[in-house]
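K.L.:
Structure: final37.cif, mmCIF, C-alpha atoms.
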data_final
loop_
_atom_site.label_atom_id
_atom_site.label_comp_id
_atom_site.auth_asym_id
_atom_site.auth_seq_id
_atom_site.Cartn_x
_atom_site.Cartn_y
_atom_site.Cartn_z
CA MET W 1 334.90 142.06 76.18
CA TYR W 2 335.16 141.70 72.43
CA ILE W 3 336.44 138.51 70.81
CA ASP W 4 337.52 138.61 67.17
CA SER W 5 336.73 135.09 66.01
CA LYS W 6 338.81 135.49 62.85
CA SER W 7 342.10 136.11 64.62
CA THR W 8 341.29 134.23 67.86
CA ASN W 9 339.84 130.83 68.63
CA ALA W 10 336.65 132.15 70.23
CA ALA W 11 335.71 128.82 71.83
CA GLU W 12 339.10 128.66 73.57
CA ALA W 13 338.81 132.29 74.64
CA LEU W 14 335.43 131.50 76.26
CA GLN W 15 336.86 128.40 77.98
CA LYS W 16 339.64 130.53 79.45
CA MET W 17 336.88 132.52 81.14
CA GLY W 18 335.33 129.31 82.49
CA GLY W 19 333.08 128.53 79.55
CA ALA W 20 329.92 130.34 78.53
CA GLN W 21 326.66 129.57 80.30
CA VAL W 22 324.83 130.83 77.23
CA ILE W 23 325.89 131.68 73.70
CA LEU W 24 323.26 133.73 71.91
CA ALA W 25 323.88 132.98 68.23
CA THR W 26 322.53 135.84 66.12
CA ALA W 27 324.62 135.85 62.91
CA PRO W 28 323.08 133.49 60.35
CA SER W 29 326.25 131.40 59.97
CA SER W 30 325.92 127.75 60.91
CA LYS W 31 329.69 127.36 60.58
CA ALA W 32 330.33 130.12 63.14
CA MET W 33 327.75 128.56 65.50
CA SER W 34 329.33 125.09 65.13
CA GLU W 35 332.76 126.49 65.99
CA LEU W 36 331.46 128.03 69.20
CA ILE W 37 329.90 124.93 70.77
CA ASP W 38 333.21 124.01 72.46
CA GLY W 39 333.09 127.42 74.15
CA LEU W 40 330.12 126.34 76.27
CA GLY W 41 330.73 125.52 79.92
CA PRO W 42 329.03 122.75 81.91
CA ASN W 43 325.24 122.81 81.35
CA GLY W 44 325.88 125.54 78.80
CA LYS W 45 323.33 126.37 76.15
CA LEU W 46 323.67 127.53 72.55
CA MET W 47 320.56 129.60 71.87
CA VAL W 48 319.97 129.86 68.13
CA VAL W 49 318.06 132.92 66.91
CA GLY W 50 319.90 133.70 63.63
CA VAL W 51 318.28 131.68 60.87
CA SER W 52 319.96 129.99 57.93
CA LEU W 53 319.19 126.81 56.03
CA ASP W 54 322.53 124.95 56.30
CA PRO W 55 323.17 122.49 59.15
CA ILE W 56 324.91 123.19 62.46
CA GLU W 57 327.58 120.52 63.00
CA VAL W 58 328.01 119.00 66.42
CA THR W 59 329.13 115.61 67.72
CA PRO W 60 327.20 113.77 70.43
CA VAL W 61 330.40 113.80 72.49
CA GLN W 62 330.42 117.61 72.46
CA LEU W 63 326.88 117.63 73.86
CA VAL W 64 327.07 114.73 76.28
CA ASN W 65 330.46 115.50 77.78
CA ARG W 66 329.44 118.75 79.52
CA THR W 67 325.67 118.25 79.39
CA ARG W 68 325.28 120.96 76.78
CA THR W 69 322.11 122.02 75.00
CA ILE W 70 321.32 123.57 71.63
CA GLU W 71 317.99 125.36 71.61
CA GLY W 72 316.04 127.24 68.95
CA CYS W 73 314.16 130.32 70.00
CA ALA W 74 311.46 132.12 67.97
CA SER W 75 310.80 135.76 68.78
CA GLY W 76 307.73 135.63 71.06
CA THR W 77 304.21 136.94 71.44
CA PRO W 78 303.08 140.59 71.27
CA VAL W 79 303.11 140.72 75.08
CA ASP W 80 306.76 139.63 74.99
CA SER W 81 307.27 142.62 72.65
CA GLU W 82 305.66 144.86 75.25
CA ASP W 83 307.96 143.42 77.93
CA THR W 84 310.94 144.08 75.64
CA MET W 85 309.94 147.70 75.04
CA ARG W 86 309.31 148.30 78.74
CA PHE W 87 312.70 146.81 79.63
CA ALA W 88 314.33 149.02 76.99
CA GLU W 89 312.50 152.02 78.42
CA LEU W 90 313.66 151.12 81.93
CA THR W 91 317.30 150.47 81.09
CA GLY W 92 317.96 152.80 78.14
CA VAL W 93 318.63 150.01 75.64
CA ARG W 94 318.16 151.39 72.11
CA ALA W 95 318.85 150.09 68.65
CA MET W 96 321.35 152.04 66.61
CA ILE W 97 319.56 152.72 63.36
CA GLU W 98 320.02 154.00 59.83
CA THR W 99 316.83 155.43 58.36
CA TYR W 100 315.71 155.49 54.74
CA PRO W 101 312.49 156.74 53.16
CA LEU W 102 310.08 154.08 51.89
CA GLU W 103 310.94 155.15 48.33
CA MET W 104 314.42 153.69 48.96
CA ALA W 105 313.14 150.31 50.22
CA GLY W 106 315.28 148.44 47.70
CA GLU W 107 318.49 150.26 48.67
CA ALA W 108 317.66 149.90 52.37
CA TYR W 109 317.11 146.18 51.95
CA ALA W 110 320.44 145.80 50.12
CA ARG W 111 322.17 147.79 52.85
CA MET W 112 320.68 145.48 55.50
CA LEU W 113 321.74 142.35 53.57
CA SER W 114 325.29 143.69 53.09
CA GLY W 115 325.89 143.39 56.83
CA ASN W 116 327.45 146.86 56.83
CA ALA W 117 324.52 148.72 58.39
CA GLN W 118 325.12 150.26 61.82
CA PHE W 119 323.12 148.32 62.91
CA ARG W 120 319.41 148.18 62.05
CA VAL W 121 317.85 149.64 58.94
CA VAL W 122 314.54 151.49 59.42
CA LEU W 123 312.21 152.72 56.68
CA THR W 124 310.32 155.91 57.47
CA MET W 125 307.34 157.61 55.87
CA MET J 1 292.56 157.37 48.62
CA ALA J 2 295.97 156.16 47.42
CA MET J 3 298.98 155.15 49.46
CA LYS J 4 302.60 154.15 48.82
CA VAL J 5 303.53 150.48 48.85
CA ALA J 6 306.87 148.71 48.35
CA GLN J 7 305.87 145.33 46.98
CA ILE J 8 307.72 142.18 45.90
CA PRO J 9 305.98 141.27 42.61
CA LYS J 10 307.35 137.71 42.43
CA PRO J 11 310.00 135.53 44.12
CA GLY J 12 313.52 136.81 43.49
CA ALA J 13 312.37 140.18 42.13
CA ASP J 14 313.36 143.53 43.65
CA SER J 15 310.79 145.52 45.53
CA ARG J 16 308.71 147.87 43.40
CA LEU J 17 307.24 151.10 44.67
CA SER J 18 303.66 151.59 43.62
CA ASN J 19 300.46 153.25 44.62
CA ALA J 20 297.76 151.12 46.11
CA THR J 21 294.27 151.71 47.32
CA PHE J 22 293.95 152.56 50.98
CA PRO J 23 292.79 149.39 52.76
CA SER J 24 289.06 149.51 52.44
CA ARG J 25 286.87 148.64 55.36
CA VAL J 26 289.05 147.12 58.06
CA GLN J 27 287.93 143.59 58.69
CA GLU J 28 286.39 142.64 61.96
CA ARG J 29 289.07 141.96 64.58
CA CYS J 30 291.68 144.02 62.67
CA ALA J 31 293.34 147.36 63.11
CA SER J 32 295.19 149.44 60.53
CA GLY J 33 297.55 152.38 60.26
CA PHE J 34 301.30 151.92 60.70
CA LYS J 35 304.38 153.84 59.70
CA PRO J 36 308.10 153.19 60.23
CA VAL J 37 309.27 149.66 59.64
CA ALA J 38 312.63 148.04 60.21
CA SER J 39 314.25 145.82 57.64
CA CYS J 40 315.07 142.33 58.92
CA ARG J 41 317.16 139.68 57.22
CA SER J 42 314.10 137.44 57.42
CA ASP J 43 312.50 139.71 54.77
CA LEU J 44 314.70 137.56 52.54
CA PHE J 45 312.08 134.80 52.80
CA THR J 46 309.55 137.09 51.16
CA LYS J 47 311.93 138.46 48.55
CA GLU J 48 313.35 135.07 47.52
CA GLY J 49 310.17 133.04 47.99
CA SER J 50 311.98 130.59 50.27
CA TRP J 51 309.17 130.47 52.85
CA PRO J 52 306.48 127.95 51.82
CA GLY J 53 303.13 129.21 50.64
CA ILE J 54 303.75 132.93 50.02
CA GLN J 55 301.29 134.45 47.59
CA TYR J 56 302.58 137.24 45.34
CA PRO J 57 302.62 140.15 44.99
CA ARG J 58 303.47 140.51 48.67
CA VAL J 59 304.53 143.51 50.79
CA PRO J 60 307.37 142.50 53.20
CA GLY J 61 308.05 143.87 56.68
CA HIS J 62 307.45 142.43 60.14
CA GLU J 63 308.87 145.11 62.48
CA VAL J 64 306.25 147.78 62.20
CA ALA J 65 305.37 150.72 64.43
CA GLY J 66 302.65 153.32 64.03
CA ILE J 67 299.33 154.72 65.07
CA ILE J 68 295.98 152.99 64.83
CA ASP J 69 293.90 154.72 62.19
CA GLU J 70 290.84 152.53 62.32
CA VAL J 71 289.69 149.50 64.31
CA GLY J 72 287.31 146.74 63.32
CA ALA J 73 283.76 146.72 64.65
CA ARG J 74 284.36 143.83 67.04
CA VAL J 75 287.70 145.05 68.39
CA SER J 76 287.82 145.88 72.06
CA GLY J 77 290.76 147.14 74.10
CA TRP J 78 292.38 149.12 71.26
CA LYS J 79 291.37 152.47 69.90
CA LYS J 80 292.09 154.93 67.14
CA GLY J 81 295.14 157.08 67.83
CA GLN J 82 296.86 154.47 70.01
CA ARG J 83 300.54 153.76 69.26
CA VAL J 84 301.14 150.11 68.45
CA GLY J 85 303.63 147.77 66.84
CA VAL J 86 303.58 144.43 65.08
CA GLY J 87 306.42 141.89 65.03
CA TRP J 88 307.04 138.40 63.65
CA HIS J 89 304.10 136.97 65.62
CA GLY J 90 301.36 138.26 63.34
CA GLY J 91 298.42 136.42 64.83
CA GLN J 92 297.45 132.99 66.14
CA ASP J 93 294.36 131.07 65.04
CA GLY J 94 293.23 130.41 68.62
CA THR J 95 291.84 127.00 67.71
CA CYS J 96 294.78 124.68 66.93
CA LEU J 97 296.12 122.21 69.47
CA GLN J 98 299.00 124.48 70.55
CA CYS J 99 296.70 127.48 70.99
CA ARG J 100 294.32 125.31 73.00
CA ARG J 101 297.31 124.51 75.22
CA GLY J 102 297.92 128.26 75.61
CA ASP J 103 301.13 128.05 73.57
CA PHE J 104 300.27 130.81 71.09
CA ARG J 105 303.88 131.27 70.06
CA ASN J 106 303.82 127.80 68.50
CA CYS J 107 300.41 128.21 66.84
CA LEU J 108 300.29 125.63 64.06
CA ASN J 109 298.79 128.26 61.74
CA LEU J 110 300.84 131.22 62.95
CA GLN J 111 300.47 134.25 60.70
CA ILE J 112 303.56 136.30 59.92
CA PRO J 113 303.32 139.90 58.62
CA GLY J 114 304.94 140.25 55.21
CA ILE J 115 304.59 136.51 54.60
CA SER J 116 301.01 135.46 55.42
CA TYR J 117 299.62 138.94 54.71
CA ASP J 118 301.01 142.28 53.52
CA GLY J 119 303.52 143.69 56.00
CA GLY J 120 304.94 147.07 56.86
CA TYR J 121 306.67 148.32 53.70
CA GLN J 122 303.67 150.54 53.00
CA GLN J 123 301.96 153.62 54.36
CA TYR J 124 299.10 151.73 55.97
CA MET J 125 298.79 148.09 56.83
CA VAL J 126 296.02 145.96 58.27
CA ALA J 127 296.91 143.59 61.10
CA PRO J 128 294.95 141.13 63.23
CA VAL J 129 294.27 142.60 66.63
CA GLU J 130 296.01 139.72 68.44
CA ALA J 131 299.26 140.80 66.76
CA LEU J 132 299.32 144.25 68.39
CA ALA J 133 301.80 145.40 71.02
CA ALA J 134 301.38 148.77 72.79
CA ILE J 135 304.36 151.14 72.43
CA PRO J 136 305.43 153.08 75.55
CA ALA J 137 305.20 156.86 75.22
CA SER J 138 308.93 157.42 75.72
CA LEU J 139 309.90 155.40 72.62
CA SER J 140 309.60 156.95 69.17
CA ASP J 141 308.24 154.83 66.31
CA ALA J 142 311.72 154.50 64.83
CA GLU J 143 313.09 153.42 68.22
CA ALA J 144 310.28 150.93 68.78
CA ALA J 145 310.33 149.23 65.37
CA PRO J 146 313.69 147.41 65.77
CA LEU J 147 312.61 146.20 69.21
CA LEU J 148 309.66 144.36 67.66
CA CYS J 149 311.76 141.64 66.04
CA ALA J 150 315.48 142.12 66.71
CA GLY J 151 314.78 143.33 70.25
CA ILE J 152 312.19 140.82 71.37
CA THR J 153 314.15 137.96 69.80
CA THR J 154 317.30 138.67 71.77
CA PHE J 155 315.64 139.85 75.00
CA ASN J 156 313.22 136.94 75.15
CA ALA J 157 315.93 134.37 74.37
CA LEU J 158 318.19 135.79 77.09
CA ARG J 159 315.54 136.03 79.79
CA HIS J 160 314.47 132.43 79.15
CA SER J 161 318.01 131.12 78.74
CA GLY J 162 318.50 130.12 82.35
CA ALA J 163 321.58 132.35 82.67
CA ARG J 164 321.79 134.09 86.03
CA PRO J 165 323.31 137.47 86.91
CA GLY J 166 327.08 137.31 86.67
CA ASP J 167 327.12 134.29 84.32
CA LEU J 168 329.25 134.45 81.20
CA VAL J 169 326.99 135.08 78.22
CA ALA J 170 328.45 135.34 74.73
CA VAL J 171 326.67 137.11 71.89
CA GLN J 172 327.77 135.83 68.49
CA GLY J 173 327.37 138.34 65.65
CA ILE J 174 327.30 142.08 66.28
CA GLY J 175 324.66 143.18 63.80
CA GLY J 176 320.97 144.11 63.90
CA LEU J 177 320.16 141.47 66.54
CA GLY J 178 323.54 141.14 68.22
CA HIS J 179 324.03 144.80 69.05
CA LEU J 180 320.75 144.70 70.96
CA GLY J 181 321.67 141.31 72.47
CA VAL J 182 324.91 142.78 73.86
CA GLN J 183 323.03 145.68 75.47
CA PHE J 184 320.26 143.50 76.92
CA ALA J 185 322.82 140.99 78.26
CA GLN J 186 324.71 143.81 79.92
CA LYS J 187 321.56 145.28 81.50
CA LEU J 188 320.45 141.82 82.66
CA GLY J 189 323.67 141.67 84.68
CA TYR J 190 325.62 139.02 82.78
CA THR J 191 329.33 138.98 82.10
CA VAL J 192 329.19 139.70 78.38
CA ALA J 193 331.47 138.57 75.57
CA ALA J 194 330.69 140.00 72.12
CA ILE J 195 331.96 137.79 69.30
CA GLY J 196 332.54 139.31 65.87
CA ARG J 197 334.53 138.26 62.85
CA GLY J 198 337.46 139.84 61.18
CA THR J 199 339.64 142.85 61.66
CA GLU J 200 338.50 145.02 58.79
CA LYS J 201 337.06 148.46 59.33
CA ARG J 202 333.53 147.25 59.89
CA GLU J 203 334.60 144.94 62.69
CA ALA J 204 336.82 147.59 64.21
CA ARG J 205 333.77 149.86 64.48
CA ARG J 206 331.83 147.01 66.12
CA LYS J 207 334.65 146.39 68.58
CA THR J 208 334.75 150.07 69.52
CA TRP J 209 331.01 150.13 69.95
CA SER J 210 330.97 146.95 72.10
CA GLU J 211 333.72 148.30 74.32
CA ARG J 212 331.76 151.50 74.83
CA VAL J 213 328.81 149.43 76.08
CA TYR J 214 331.08 147.66 78.60
CA ARG J 215 332.55 150.89 79.85
CA GLN J 216 329.00 152.02 80.65
CA GLN J 217 328.59 148.81 82.64
CA VAL J 218 331.74 149.44 84.67
CA ASP J 219 331.20 153.19 85.21
#
Can you turn what I pasted into structure tokens?
P.N.:
Amino acid sequence: MYIDSKSTNAAEALQKMGGAQVILATAPSSKAMSELIDGLGPNGKLMVVGVSLDPIEVTPVQLVNRTRTIEGCASGTPVDSEDTMRFAELTGVRAMIETYPLEMAGEAYARMLSGNAQFRVVLTM
Amino acid sequence: MAMKVAQIPKPGADSRLSNATFPSRVQERCASGFKPVASCRSDLFTKEGSWPGIQYPRVPGHEVAGIIDEVGARVSGWKKGQRVGVGWHGGQDGTCLQCRRGDFRNCLNLQIPGISYDGGYQQYMVAPVEALAAIPASLSDAEAAPLLCAGITTFNALRHSGARPGDLVAVQGIGGLGHLGVQFAQKLGYTVAAIGRGTEKREARRKTWSERVYRQQVD
């Protein structure tokens, strides 16, 4: 399902489904991550992979009450990359990409930063 | 021999396309020769100089796929012509306390392509051999590149998250990482909730796309 967190309270929507076991936080918005913590179920985990420099806000009560966890997760080793590619090969998972020539690196970078790319920007040569 | 390079001359400056000399003799333990590269938000660290210790000029790019053109004299296990990729993990030192514990991911002197050394926004790059990942034959370079940072980051986080098949897993943010996270979560057998923001056109497209992924799950 798709939850629009602007028009809906996403944490409440997740609780209506029993609470999330895991929330994989990819968008680099600490505010959006903070707002989702109440959507975690018992023993639920917020896994942070989107990086920004402002703080995530959470109260100890939010964490203690349902035994919740917030965890950071860096990408992984080259063998993890190989596992990822093999799993993608096995299951058909593919990135949707927009390609640009290297000469347009600046434009491609701006497109990526704009958040409007569908979804990953790839430079080709 | 000259090659094309997109380089950040100094922190905050836009990338500048220039010609550079083909990497001369590949150092021992290194391999060179890459092509397509995906653009990650973390390239921001290189462009803005917000990562400590970057030396400029610096070529960004840490999702790189290509073909090995040359290998260093002491390299074993990799050969010219082999298809390989490099991601955020650009090489461990092998000697720090974390490496000695076998925890290479948390190497205290972890090298990152595009930050510690010149990355993939160029025709050829040189990378430490311990940074290489083999690309399966069925994936094109352009398909493989986004899996080397956005893909591994979401897949690895999910498979180590403790979630079990059927559990409710939410993916916040439907962008470069999130759209892969939604697909991986679906294929790993979770109940998936994609969380996006807003109702404008961009989000509407993301909603449509996410729903298409779920229909595949049900069908």
K.L.:
Kindly assemble as a Markdown table a list of the chain W residues that lie within 6 Å of chain J, each paired with its nearest atom pair and their distance in Å to one decimal, using all atoms listed in the file, sorted first by chain and then by ascending residue number.
P.N.:
| residue | atom | partner | partner_atom | distance |
| --- | --- | --- | --- | --- |
| W:Met1 | CA | J:Ala193 | CA | 4.9 |
| W:Tyr2 | CA | J:Ala194 | CA | 4.8 |
| W:Ile3 | CA | J:Ile195 | CA | 4.8 |
| W:Asp4 | CA | J:Gly196 | CA | 5.2 |
| W:Ser5 | CA | J:Arg197 | CA | 5.0 |
| W:Lys6 | CA | J:Gly198 | CA | 4.9 |
| W:Ala20 | CA | J:Leu168 | CA | 4.9 |
| W:Gln21 | CA | J:Leu168 | CA | 5.6 |
| W:Val22 | CA | J:Val169 | CA | 4.9 |
| W:Ile23 | CA | J:Ala170 | CA | 4.6 |
| W:Leu24 | CA | J:Val171 | CA | 4.8 |
| W:Ala25 | CA | J:Gln172 | CA | 4.8 |
| W:Thr26 | CA | J:Gly173 | CA | 5.5 |
| W:Ala27 | CA | J:Gly173 | CA | 4.6 |
| W:Ser75 | CA | J:Thr153 | CA | 4.1 |
| W:Gly76 | CA | J:Arg105 | CA | 5.9 |
| W:Thr77 | CA | J:His89 | CA | 5.8 |
| W:Pro78 | CA | J:Ala133 | CA | 5.0 |
| W:Ser81 | CA | J:Ile152 | CA | 5.4 |
| W:Glu82 | CA | J:Ala133 | CA | 5.8 |
| W:Thr84 | CA | J:Ile152 | CA | 5.5 |
| W:Gly106 | CA | J:Ser15 | CA | 5.8 |
| W:Phe119 | CA | J:Gly176 | CA | 4.8 |
| W:Arg120 | CA | J:Gly176 | CA | 4.7 |
| W:Val121 | CA | J:Ser39 | CA | 5.4 |
| W:Val122 | CA | J:Ala38 | CA | 4.0 |
| W:Leu123 | CA | J:Val37 | CA | 5.2 |
| W:Thr124 | CA | J:Pro36 | CA | 4.5 |
K.L.:
Take atom CA of W:Ala110 and atom CA of J:Ile115 and report the distance between them in Å, one decimal.
P.N.:
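We find that atom CA of W:Ala110 and atom CA of J:Ile115 lie 18.9 Å from each other.
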K.L.:
By how many Å are atom CA of J:Gly114 and atom CA of J:Thr46 apart?
P.N.:
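Calculated distance between atom CA of J:Gly114 and atom CA of J:Thr46 is 6.9 Å.
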K.L.:
Rank nothing, just name the residue among W:Thr8, W:Ser29, W:Met125, W:Pro42 nearest to W:Asp54, using all atoms listed in the file.
P.N.:
W:Ser29
K.L.:
When the PyMOL selection byres ((chain W and resi 12) around 12) is applied to the file above, which residues end up in the set, as a count of residues only?
P.N.:
22
K.L.:
Between atom CA of W:Val79 and atom CA of W:Leu113, what is the spacing in Å?
P.N.:
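We find that atom CA of W:Leu113 and atom CA of W:Val79 lie 28.5 Å from each other.
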K.L.:
Return the padded bounding box of stretch 166-184 of chain J as AutoDock Vina command-line options: axis-aligned, built from all atoms listed in the file, 5 Å added on each side, with centre and edge lengths in Å to one decimal.
P.N.:
--center_x 324.7 --center_y 140.0 --center_z 75.2 --size_x 19.1 --size_y 21.4 --size_z 32.9
K.L.:
Quick one: of W:Met96, W:Val48, W:Val58, W:Met33, who's nearest to W:Glu71, counting only C-alpha atoms?
P.N.:
W:Val48
K.L.:
Taking all atoms listed in the file into account, name the residue in W:Leu53, W:Ala74, W:Leu63, W:Leu90 that is nearest to J:Leu110.
P.N.:
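Under the stated criterion, the closest residue is W:Ala74.
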K.L.:
With distances taken over only C-alpha atoms, which of J:Leu97, J:Arg58, J:Arg212, J:Ser140 is nearest to W:Glu89?
P.N.:
J:Ser140
K.L.:
Would you kindly translate the PyMOL selection byres ((chain J and resi 20) around 6) into the concrete residues it picks from this file, as an MDAnalysis selection string?
P.N.:
chainID J and resid 2:3 19 21
K.L.:
Assuming the chain letters and numbering stay as they are in my file, what does the PyMOL selection byres ((chain W and resi 68-70) around 6) actually select? List them as a VMD selection string.
P.N.:
chain W and resid 43 to 46 63 66 to 67 71
K.L.:
So, with all atoms listed in the file as the atoms that count, which of J:Gly66, J:Gly72, J:Pro128, J:Pro113 lies closest to J:Asp93?
P.N.:
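Smallest separation from J:Asp93 among the options: J:Pro128.
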K.L.:
Could you tell me which of J:Phe45, J:Lys80, J:Gly166, J:Val75 comes closest to J:Ile112 if we count all atoms listed in the file?
P.N.:
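The shortest atom-to-atom distance to J:Ile112 comes from J:Phe45.
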